[in-house]
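upload32.cif, holding mmCIF, C-alpha atoms and all ligand atoms:
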data_my_file
loop_
_atom_site.label_atom_id
_atom_site.label_comp_id
_atom_site.auth_asym_id
_atom_site.auth_seq_id
_atom_site.Cartn_x
_atom_site.Cartn_y
_atom_site.Cartn_z
CA MET A 1 -11.91 -12.49 -26.02
CA GLU A 2 -14.67 -14.03 -28.09
CA ASN A 3 -15.02 -17.07 -30.22
CA VAL A 4 -12.30 -18.08 -32.63
CA SER A 5 -13.67 -21.12 -34.36
CA ARG A 6 -10.35 -22.71 -35.27
CA SER A 7 -9.83 -23.70 -31.62
CA ALA A 8 -13.32 -24.89 -30.89
CA ARG A 9 -14.05 -28.46 -29.91
CA LYS A 10 -16.48 -29.95 -32.37
CA ALA A 11 -19.18 -31.26 -30.05
CA VAL A 12 -20.98 -29.42 -27.27
CA GLU A 13 -19.62 -30.85 -24.03
CA LEU A 14 -21.84 -31.23 -20.98
CA LYS A 15 -20.02 -30.60 -17.71
CA SER A 16 -20.29 -32.91 -14.71
CA ALA A 17 -21.00 -31.61 -11.20
CA ALA A 18 -17.30 -31.96 -10.38
CA GLU A 19 -16.35 -29.94 -13.46
CA LEU A 20 -18.91 -27.28 -12.62
CA ALA A 21 -17.41 -26.99 -9.14
CA LEU A 22 -14.00 -26.25 -10.67
CA MET A 23 -15.50 -23.77 -13.14
CA ARG A 24 -17.26 -22.06 -10.23
CA GLN A 25 -13.85 -21.55 -8.60
CA ALA A 26 -12.40 -20.18 -11.83
CA GLY A 27 -15.40 -17.85 -12.08
CA ARG A 28 -15.16 -16.55 -8.52
CA MET A 29 -11.49 -15.85 -8.99
CA LEU A 30 -12.24 -13.85 -12.12
CA ASP A 31 -15.03 -11.92 -10.41
CA ALA A 32 -12.59 -10.75 -7.72
CA VAL A 33 -9.95 -9.77 -10.29
CA MET A 34 -12.44 -7.88 -12.44
CA ARG A 35 -13.88 -5.98 -9.48
CA GLU A 36 -10.42 -4.75 -8.62
CA VAL A 37 -9.41 -3.89 -12.19
CA VAL A 38 -12.66 -2.09 -12.99
CA GLY A 39 -12.35 -0.25 -9.67
CA ALA A 40 -8.87 0.94 -10.66
CA VAL A 41 -10.13 2.72 -13.79
CA VAL A 42 -9.54 6.45 -13.24
CA PRO A 43 -8.44 9.31 -15.51
CA GLY A 44 -4.67 9.11 -16.08
CA ILE A 45 -4.16 5.38 -15.54
CA THR A 46 -2.66 3.54 -18.50
CA THR A 47 -4.11 0.40 -19.98
CA ASP A 48 -0.74 -1.25 -19.32
CA GLU A 49 -1.12 -0.58 -15.58
CA LEU A 50 -4.54 -2.25 -15.59
CA ASP A 51 -3.08 -5.22 -17.43
CA ARG A 52 -0.24 -5.63 -14.92
CA LEU A 53 -2.70 -5.44 -12.03
CA ALA A 54 -4.86 -8.19 -13.51
CA LYS A 55 -1.87 -10.44 -14.23
CA ALA A 56 -0.52 -10.05 -10.69
CA ARG A 57 -3.87 -10.74 -9.03
CA ILE A 58 -4.61 -13.82 -11.14
CA ARG A 59 -1.21 -15.30 -10.32
CA GLU A 60 -1.52 -14.48 -6.59
CA ALA A 61 -4.83 -16.35 -6.57
CA GLY A 62 -3.22 -19.42 -8.13
CA GLY A 63 -4.72 -19.02 -11.60
CA LYS A 64 -3.31 -18.39 -15.05
CA PRO A 65 -4.16 -15.52 -17.41
CA ALA A 66 -6.18 -17.26 -20.11
CA PHE A 67 -5.56 -14.81 -22.94
CA LEU A 68 -1.79 -14.43 -22.51
CA GLY A 69 -0.24 -16.24 -25.47
CA LEU A 70 -3.58 -17.53 -26.79
CA TYR A 71 -3.44 -17.32 -30.61
CA GLY A 72 -0.37 -15.14 -29.92
CA PHE A 73 -2.21 -12.44 -27.95
CA PRO A 74 0.47 -10.65 -25.90
CA ARG A 75 -1.38 -9.58 -22.74
CA THR A 76 -3.62 -10.65 -19.86
CA LEU A 77 -6.49 -8.27 -20.65
CA CYS A 78 -8.15 -7.11 -23.81
CA ILE A 79 -8.81 -3.40 -23.25
CA SER A 80 -10.92 -1.67 -25.87
CA VAL A 81 -11.60 2.07 -25.62
CA ASN A 82 -14.49 4.04 -27.17
CA ARG A 83 -14.84 2.93 -30.81
CA GLU A 84 -12.78 -0.20 -30.06
CA VAL A 85 -15.05 -3.21 -29.64
CA VAL A 86 -12.85 -6.11 -28.54
CA HIS A 87 -9.23 -7.36 -28.60
CA GLY A 88 -7.56 -4.01 -27.84
CA ILE A 89 -3.96 -4.54 -26.66
CA PRO A 90 -2.96 -2.80 -23.40
CA GLY A 91 -0.12 -0.30 -23.71
CA LYS A 92 0.91 3.27 -22.97
CA ARG A 93 -2.49 4.81 -23.63
CA GLU A 94 -3.73 6.94 -20.75
CA LEU A 95 -7.43 6.83 -20.09
CA VAL A 96 -9.13 10.22 -20.00
CA GLU A 97 -12.35 11.48 -18.48
CA GLY A 98 -15.28 10.62 -20.73
CA ASP A 99 -13.79 7.46 -22.25
CA ILE A 100 -15.65 4.18 -22.06
CA VAL A 101 -13.40 1.18 -21.52
CA SER A 102 -14.24 -2.45 -22.22
CA ILE A 103 -12.16 -4.83 -20.14
CA ASP A 104 -12.19 -8.51 -21.10
CA CYS A 105 -10.41 -11.10 -18.96
CA GLY A 106 -10.12 -14.86 -18.80
CA VAL A 107 -8.74 -17.12 -16.09
CA ARG A 108 -7.60 -20.73 -16.21
CA TYR A 109 -7.73 -22.60 -12.93
CA LYS A 110 -7.16 -26.33 -12.41
CA GLY A 111 -7.65 -26.89 -16.13
CA TYR A 112 -10.91 -24.94 -16.52
CA PHE A 113 -11.64 -21.51 -17.92
CA SER A 114 -13.80 -18.55 -16.99
CA ASP A 115 -14.41 -15.50 -19.18
CA ARG A 116 -15.82 -12.08 -18.26
CA ALA A 117 -16.08 -8.60 -19.79
CA TYR A 118 -17.32 -5.29 -18.44
CA THR A 119 -17.49 -1.78 -19.88
CA VAL A 120 -16.91 1.11 -17.50
CA GLY A 121 -16.93 4.88 -17.92
CA VAL A 122 -13.86 6.94 -16.98
CA GLY A 123 -15.09 9.68 -14.65
CA ARG A 124 -18.10 11.51 -16.05
CA ILE A 125 -19.29 10.21 -19.41
CA ALA A 126 -21.84 11.50 -21.91
CA PRO A 127 -25.51 10.59 -21.33
CA GLU A 128 -25.58 8.61 -24.60
CA ALA A 129 -22.56 6.61 -23.46
CA THR A 130 -24.26 5.86 -20.15
CA ARG A 131 -27.33 4.67 -22.04
CA LEU A 132 -25.18 2.42 -24.26
CA LEU A 133 -23.63 0.81 -21.20
CA ASP A 134 -27.01 0.35 -19.49
CA VAL A 135 -28.64 -1.17 -22.59
CA THR A 136 -25.72 -3.55 -23.23
CA ARG A 137 -25.57 -4.71 -19.61
CA GLU A 138 -29.33 -5.29 -19.62
CA ALA A 139 -28.97 -7.24 -22.89
CA LEU A 140 -26.58 -9.57 -21.10
CA MET A 141 -29.00 -10.02 -18.20
CA ARG A 142 -31.84 -10.83 -20.62
CA ALA A 143 -29.60 -13.31 -22.45
CA ILE A 144 -28.59 -14.99 -19.19
CA ASP A 145 -32.25 -15.41 -18.29
CA GLN A 146 -32.67 -17.53 -21.44
CA CYS A 147 -29.97 -20.02 -20.36
CA ARG A 148 -32.40 -22.71 -19.18
CA PRO A 149 -32.84 -26.35 -20.18
CA GLY A 150 -35.39 -26.70 -22.98
CA ASN A 151 -34.85 -23.21 -24.39
CA ARG A 152 -33.02 -22.98 -27.70
CA LEU A 153 -29.77 -21.28 -28.64
CA GLY A 154 -31.69 -18.81 -30.81
CA ASP A 155 -33.60 -17.60 -27.75
CA ILE A 156 -30.37 -16.12 -26.39
CA GLY A 157 -29.57 -14.22 -29.58
CA HIS A 158 -33.16 -13.09 -29.94
CA ALA A 159 -33.21 -11.72 -26.39
CA VAL A 160 -30.09 -9.66 -27.07
CA GLN A 161 -31.04 -8.43 -30.52
CA SER A 162 -34.64 -7.49 -29.78
CA TRP A 163 -33.69 -5.48 -26.68
CA VAL A 164 -30.73 -3.71 -28.29
CA GLU A 165 -32.57 -2.78 -31.48
CA ALA A 166 -35.65 -1.61 -29.57
CA ASN A 167 -33.30 0.84 -27.89
CA GLY A 168 -31.93 2.15 -31.19
CA PHE A 169 -28.48 0.56 -31.01
CA SER A 170 -26.85 -2.11 -33.22
CA ILE A 171 -25.62 -5.62 -32.55
CA ILE A 172 -22.07 -6.30 -33.63
CA GLN A 173 -22.60 -9.51 -35.58
CA ASP A 174 -19.00 -10.30 -36.58
CA TYR A 175 -18.19 -11.68 -33.11
CA GLY A 176 -20.11 -13.74 -30.61
CA GLY A 177 -20.04 -15.83 -27.47
CA HIS A 178 -19.09 -19.48 -27.10
CA GLY A 179 -19.13 -22.61 -25.06
CA ILE A 180 -16.40 -22.75 -22.42
CA GLY A 181 -14.79 -25.41 -20.23
CA ARG A 182 -11.46 -27.14 -20.68
CA ASP A 183 -10.96 -24.81 -23.63
CA LEU A 184 -11.65 -21.10 -23.54
CA HIS A 185 -13.56 -21.40 -26.79
CA GLU A 186 -15.75 -24.45 -27.28
CA GLU A 187 -18.88 -25.19 -29.25
CA PRO A 188 -21.46 -23.83 -29.68
CA ARG A 189 -21.04 -20.31 -30.97
CA VAL A 190 -23.50 -18.09 -29.08
CA GLU A 191 -24.69 -15.41 -31.48
CA ASN A 192 -26.05 -12.06 -30.30
CA PHE A 193 -28.79 -12.19 -32.90
CA GLY A 194 -31.30 -14.81 -33.85
CA THR A 195 -34.82 -16.13 -33.98
CA ALA A 196 -36.70 -17.20 -30.88
CA GLY A 197 -37.37 -20.94 -30.81
CA SER A 198 -34.61 -21.76 -33.34
CA GLY A 199 -31.39 -23.73 -33.01
CA PRO A 200 -30.24 -26.53 -30.72
CA ARG A 201 -31.90 -27.06 -27.36
CA LEU A 202 -30.03 -25.96 -24.25
CA GLN A 203 -29.30 -28.74 -21.77
CA ALA A 204 -28.25 -28.85 -18.15
CA GLY A 205 -24.45 -29.09 -18.03
CA MET A 206 -23.81 -26.67 -20.87
CA VAL A 207 -21.61 -23.74 -19.92
CA LEU A 208 -21.76 -20.69 -22.16
CA ALA A 209 -19.82 -17.43 -22.34
CA VAL A 210 -22.59 -14.98 -23.21
CA GLU A 211 -21.28 -11.65 -24.44
CA PRO A 212 -23.33 -8.97 -26.17
CA MET A 213 -21.25 -6.45 -28.15
CA VAL A 214 -23.23 -3.36 -29.06
CA ALA A 215 -22.51 -0.25 -31.15
CA ALA A 216 -24.16 3.12 -30.66
CA GLY A 217 -24.11 3.56 -34.46
CA ARG A 218 -23.94 0.87 -37.11
CA GLY A 219 -22.63 -2.58 -36.23
CA GLU A 220 -19.98 -3.05 -38.94
CA THR A 221 -16.42 -3.60 -37.77
CA GLU A 222 -12.87 -3.61 -39.06
CA VAL A 223 -9.53 -4.71 -37.59
CA LEU A 224 -6.71 -2.19 -37.06
CA GLU A 225 -3.17 -2.65 -38.39
CA ASP A 226 -2.06 -4.37 -35.18
CA ASP A 227 -4.15 -7.33 -36.47
CA TRP A 228 -6.03 -7.48 -33.16
CA THR A 229 -8.01 -4.37 -32.29
CA VAL A 230 -11.58 -4.54 -33.60
CA VAL A 231 -13.23 -1.13 -34.11
CA THR A 232 -16.57 0.12 -35.37
CA LYS A 233 -16.26 1.21 -39.00
CA ASP A 234 -18.31 4.33 -38.40
CA GLY A 235 -16.32 5.32 -35.31
CA SER A 236 -19.30 5.05 -32.99
CA LEU A 237 -18.91 3.93 -29.38
CA ALA A 238 -19.08 0.23 -28.54
CA ALA A 239 -19.79 -1.67 -25.32
CA HIS A 240 -19.21 -5.30 -24.28
CA PHE A 241 -20.48 -7.22 -21.26
CA GLU A 242 -19.85 -10.92 -20.67
CA HIS A 243 -20.51 -13.62 -18.10
CA THR A 244 -19.75 -17.33 -17.97
CA VAL A 245 -23.10 -19.04 -17.37
CA ALA A 246 -23.98 -22.64 -16.53
CA VAL A 247 -27.30 -24.05 -17.72
CA THR A 248 -28.68 -26.00 -14.75
CA ASP A 249 -31.95 -27.72 -13.89
CA SER A 250 -32.67 -24.92 -11.44
CA GLY A 251 -31.97 -22.20 -14.01
CA PRO A 252 -29.00 -20.08 -15.10
CA GLU A 253 -26.02 -20.02 -12.75
CA VAL A 254 -23.66 -17.11 -13.37
CA LEU A 255 -20.24 -18.54 -12.56
CA THR A 256 -18.38 -15.24 -12.90
CA ARG A 257 -20.47 -13.41 -10.32
CA VAL A 258 -20.50 -13.70 -6.57
CA GLY A 259 -23.94 -12.82 -5.21
CA ASP A 260 -26.77 -11.43 -7.31
CA GLY A 261 -24.71 -8.82 -9.14
CA GLN A 262 -26.84 -5.92 -7.94
CA ASP A 263 -23.77 -4.23 -6.45
CA TRP A 264 -21.68 -4.06 -9.59
CA GLY A 265 -22.69 -6.27 -12.45
MG MG B 301 -14.16 -12.52 -22.82
MG MG B 302 -15.70 -14.85 -24.40
#
Transcribe the structure of this file into structure tokens.
Amino acid sequence: MENVSRSARKAVELKSAAELALMRQAGRMLDAVMREVVGAVVPGITTDELDRLAKARIREAGGKPAFLGLYGFPRTLCISVNREVVHGIPGKRELVEGDIVSIDCGVRYKGYFSDRAYTVGVGRIAPEATRLLDVTREALMRAIDQCRPGNRLGDIGHAVQSWVEANGFSIIQDYGGHGIGRDLHEEPRVENFGTAGSGPRLQAGMVLAVEPMVAAGRGETEVLEDDWTVVTKDGSLAAHFEHTVAVTDSGPEVLTRVGDGQDWG
């Protein structure tokens, strides 16, 4: 789930070492849950089954599903298929070979949040879909690399936008990332577009949910009649990757990833 400004704290909060330690735990928990849920994506499974799996695993680990009940959202996961960008509601839909599925999950643990999204193909997918996933994931990695003290917020957006557009895809500009901590959505908003060298400076202690959303076609969106599901207007495929990232004096620390991410993301 991305930024909804009505909930955001007004100032950017810097996290202490003790707070970062708790957020690291929330992030590791979410990494384990997401690995299992993404691994369970096969033709024939329903989005409801994936949602139940995530809810059970989060609770077994001692956490709370962050999205459940937030702004009235009814489920643990946002699951968005093909032209759906974000905020899809799990239900009876069966995934079929060739679909691409964006899974977004948040965990609350000891009062702190983590937030993570990943787009996975169901069985064999079209080459263009594979390229969309690869470009969006790489956009996230490039954005994470900008999360260093002294850089500016606009450097993150610029890294995403320049890479995505150079590859012929479009940024979805209606939604963006956010600060994260004791609230799921805090200041600042982290746009996926922008000008290098612009905006506030990043400081050690900031924790940001960085989350490129990319369309294979044009980037305009609309919301379906369920008042949640965001889709591309032109029906083109969309992908979404997200990590929770701490800005530290020694560089970006990805809290929602155990290890270097080479094995899965
Ligand atoms: Mg999310
Ligand atoms: Mg988010």
Site check for ligand MG 301 (chain B): residues at most 10 Å away, all atoms listed in the file, as a CSV table (one decimal) with C-alpha atoms, keeping the file's coordinate frame:
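The resulting file, result-v7.csv, is shown below:
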chain,number,residue,atom,x,y,z
A,1,MET,CA,-11.9,-12.5,-26.0
A,2,GLU,CA,-14.7,-14.0,-28.1
A,3,ASN,CA,-15.0,-17.1,-30.2
A,66,ALA,CA,-6.2,-17.3,-20.1
A,67,PHE,CA,-5.6,-14.8,-22.9
A,77,LEU,CA,-6.5,-8.3,-20.6
A,78,CYS,CA,-8.2,-7.1,-23.8
A,86,VAL,CA,-12.8,-6.1,-28.5
A,87,HIS,CA,-9.2,-7.4,-28.6
A,103,ILE,CA,-12.2,-4.8,-20.1
A,104,ASP,CA,-12.2,-8.5,-21.1
A,105,CYS,CA,-10.4,-11.1,-19.0
A,106,GLY,CA,-10.1,-14.9,-18.8
A,107,VAL,CA,-8.7,-17.1,-16.1
A,114,SER,CA,-13.8,-18.6,-17.0
A,115,ASP,CA,-14.4,-15.5,-19.2
A,116,ARG,CA,-15.8,-12.1,-18.3
A,117,ALA,CA,-16.1,-8.6,-19.8
A,118,TYR,CA,-17.3,-5.3,-18.4
A,176,GLY,CA,-20.1,-13.7,-30.6
A,177,GLY,CA,-20.0,-15.8,-27.5
A,178,HIS,CA,-19.1,-19.5,-27.1
A,184,LEU,CA,-11.6,-21.1,-23.5
A,185,HIS,CA,-13.6,-21.4,-26.8
A,209,ALA,CA,-19.8,-17.4,-22.3
A,210,VAL,CA,-22.6,-15.0,-23.2
A,211,GLU,CA,-21.3,-11.6,-24.4
A,240,HIS,CA,-19.2,-5.3,-24.3
A,241,PHE,CA,-20.5,-7.2,-21.3
A,242,GLU,CA,-19.8,-10.9,-20.7
A,243,HIS,CA,-20.5,-13.6,-18.1
A,244,THR,CA,-19.8,-17.3,-18.0
- request: Return the single residue from A:Val37, A:Ala246, A:Val231, A:Val85 that is closest to A:Pro149, with distances computed using only C-alpha atoms.
  value: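 Closest residue, counting only C-alpha atoms: A:Ala246.
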d(atom CA of A:Leu22, atom CA of A:Tyr112) in Å: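 Between these atoms lies a distance of 6.7 Å.
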A:Gly194 surroundings by all atoms listed in the file, 10 Å radius, close-in-sequence under 4 positions cut, as a PyMOL selection string: chain A and resi 153-162+190+198-199
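Among the candidates A:Val135, A:Asn82, A:Val164, A:Phe113, the residue lying nearest to ligand MG 302 (chain B) is A:Phe113 (atoms considered: all atoms listed in the file).
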message: From the options A:Ile172, A:Ile144, A:Ala238, A:Ala61, which residue's atoms come nearest to A:Glu191, counting only C-alpha atoms?
response: A:Ile172
message: Given the point (-13.0, 4.0, -36.0) in the file's coordinates, find the residues that have an atom at most 12 Å from it, counting all atoms listed in the file, and give them as a ChimeraX atom specification.
response: /A:80-85,215,217-224,229-238
Store the residues of this selection in a file with C-alpha atoms, as a CSV table (one decimal), in the frame of the given file.
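The result, written out as selection-v8.csv:
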chain,number,residue,atom,x,y,z
A,80,SER,CA,-10.9,-1.7,-25.9
A,81,VAL,CA,-11.6,2.1,-25.6
A,82,ASN,CA,-14.5,4.0,-27.2
A,83,ARG,CA,-14.8,2.9,-30.8
A,84,GLU,CA,-12.8,-0.2,-30.1
A,85,VAL,CA,-15.0,-3.2,-29.6
A,215,ALA,CA,-22.5,-0.2,-31.2
A,217,GLY,CA,-24.1,3.6,-34.5
A,218,ARG,CA,-23.9,0.9,-37.1
A,219,GLY,CA,-22.6,-2.6,-36.2
A,220,GLU,CA,-20.0,-3.0,-38.9
A,221,THR,CA,-16.4,-3.6,-37.8
A,222,GLU,CA,-12.9,-3.6,-39.1
A,223,VAL,CA,-9.5,-4.7,-37.6
A,224,LEU,CA,-6.7,-2.2,-37.1
A,229,THR,CA,-8.0,-4.4,-32.3
A,230,VAL,CA,-11.6,-4.5,-33.6
A,231,VAL,CA,-13.2,-1.1,-34.1
A,232,THR,CA,-16.6,0.1,-35.4
A,233,LYS,CA,-16.3,1.2,-39.0
A,234,ASP,CA,-18.3,4.3,-38.4
A,235,GLY,CA,-16.3,5.3,-35.3
A,236,SER,CA,-19.3,5.0,-33.0
A,237,LEU,CA,-18.9,3.9,-29.4
A,238,ALA,CA,-19.1,0.2,-28.5
- request: Point out the residue among A:Gly69, A:Gly63, A:Gly123, A:Pro90 with the least atom-to-atom distance to A:Val42, counting all atoms listed in the file.
  value: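 Checking each of A:Gly69, A:Gly63, A:Gly123, A:Pro90 against A:Val42, counting all atoms listed in the file, the winner is A:Gly123.
For the set A:Ala166, A:Ala239, A:Ile100, A:Leu53, the residue with the smallest atom-to-atom gap to A:Pro212 is A:Ala239, counting all atoms listed in the file.
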message: For a test of reading the model, state the distance in Å between atom CA of A:Val12 and atom CA of A:Gly150, rounded to one decimal.
response: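 Computing it gives 15.3 Å between the two atoms.
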task: Please write as an NGL selection string the list of polymer residues whose atoms come within 9 Å of (-6.1, 9.7, -13.2), counting only C-alpha atoms and keeping to the coordinates of the file.
output: :A and (41-46 or 94-97)
- request: For A:Gln25, work out the shell of residues within 9 Å, counting all atoms listed in the file and skipping chain neighbours fewer than 2 positions away, then give it as a PyMOL selection string.
  value: chain A and resi 20-23+27-30+109+114+255-256
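Across the structure, atom CA of A:Leu140 and atom CA of A:Gly261 are spaced 12.1 Å apart.
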What would stretch 88-104 of chain A look like with N, CA, C and O atoms in place, written as a tab-separated table (two decimals), in the coordinates of the input?
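Output contents, as saved in result_2.tsv:
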chain	number	residue	atom	x	y	z
A	88	GLY	N	-8.55	-5.08	-27.97
A	88	GLY	CA	-7.56	-4.01	-27.84
A	88	GLY	C	-6.39	-4.49	-26.98
A	88	GLY	O	-6.57	-5.22	-26.00
A	89	ILE	N	-5.18	-4.09	-27.36
A	89	ILE	CA	-3.96	-4.54	-26.66
A	89	ILE	C	-3.54	-3.45	-25.67
A	89	ILE	O	-3.33	-2.30	-26.06
A	90	PRO	N	-3.41	-3.79	-24.39
A	90	PRO	CA	-2.96	-2.80	-23.40
A	90	PRO	C	-1.59	-2.23	-23.77
A	90	PRO	O	-0.75	-2.92	-24.35
A	91	GLY	N	-1.39	-0.96	-23.39
A	91	GLY	CA	-0.12	-0.30	-23.71
A	91	GLY	C	-0.01	1.02	-22.97
A	91	GLY	O	-0.52	1.17	-21.86
A	92	LYS	N	0.60	2.00	-23.63
A	92	LYS	CA	0.91	3.27	-22.97
A	92	LYS	C	-0.27	4.24	-22.90
A	92	LYS	O	-0.17	5.29	-22.28
A	93	ARG	N	-1.35	3.90	-23.58
A	93	ARG	CA	-2.49	4.81	-23.63
A	93	ARG	C	-2.99	5.17	-22.24
A	93	ARG	O	-3.25	4.29	-21.41
A	94	GLU	N	-3.14	6.47	-22.01
A	94	GLU	CA	-3.73	6.94	-20.75
A	94	GLU	C	-5.22	7.15	-20.94
A	94	GLU	O	-5.63	7.81	-21.89
A	95	LEU	N	-5.99	6.63	-20.03
A	95	LEU	CA	-7.43	6.83	-20.09
A	95	LEU	C	-7.75	8.26	-19.66
A	95	LEU	O	-7.11	8.81	-18.78
A	96	VAL	N	-8.75	8.84	-20.33
A	96	VAL	CA	-9.13	10.22	-20.00
A	96	VAL	C	-10.62	10.27	-19.66
A	96	VAL	O	-11.42	9.42	-20.09
A	97	GLU	N	-10.96	11.28	-18.88
A	97	GLU	CA	-12.35	11.48	-18.48
A	97	GLU	C	-13.26	11.45	-19.71
A	97	GLU	O	-12.96	12.08	-20.72
A	98	GLY	N	-14.33	10.70	-19.63
A	98	GLY	CA	-15.28	10.62	-20.73
A	98	GLY	C	-15.12	9.39	-21.60
A	98	GLY	O	-16.02	9.06	-22.37
A	99	ASP	N	-13.97	8.71	-21.50
A	99	ASP	CA	-13.79	7.46	-22.25
A	99	ASP	C	-14.74	6.38	-21.70
A	99	ASP	O	-15.08	6.38	-20.51
A	100	ILE	N	-15.09	5.44	-22.57
A	100	ILE	CA	-15.65	4.18	-22.06
A	100	ILE	C	-14.67	3.06	-22.41
A	100	ILE	O	-14.10	3.02	-23.50
A	101	VAL	N	-14.47	2.16	-21.43
A	101	VAL	CA	-13.40	1.18	-21.52
A	101	VAL	C	-13.95	-0.22	-21.31
A	101	VAL	O	-14.49	-0.53	-20.24
A	102	SER	N	-13.82	-1.05	-22.34
A	102	SER	CA	-14.24	-2.45	-22.22
A	102	SER	C	-13.04	-3.29	-21.80
A	102	SER	O	-12.01	-3.30	-22.47
A	103	ILE	N	-13.22	-3.98	-20.68
A	103	ILE	CA	-12.16	-4.83	-20.14
A	103	ILE	C	-12.63	-6.27	-20.21
A	103	ILE	O	-13.68	-6.62	-19.67
A	104	ASP	N	-11.85	-7.10	-20.90
A	104	ASP	CA	-12.19	-8.51	-21.10
A	104	ASP	C	-11.07	-9.34	-20.49
A	104	ASP	O	-9.89	-9.07	-20.75
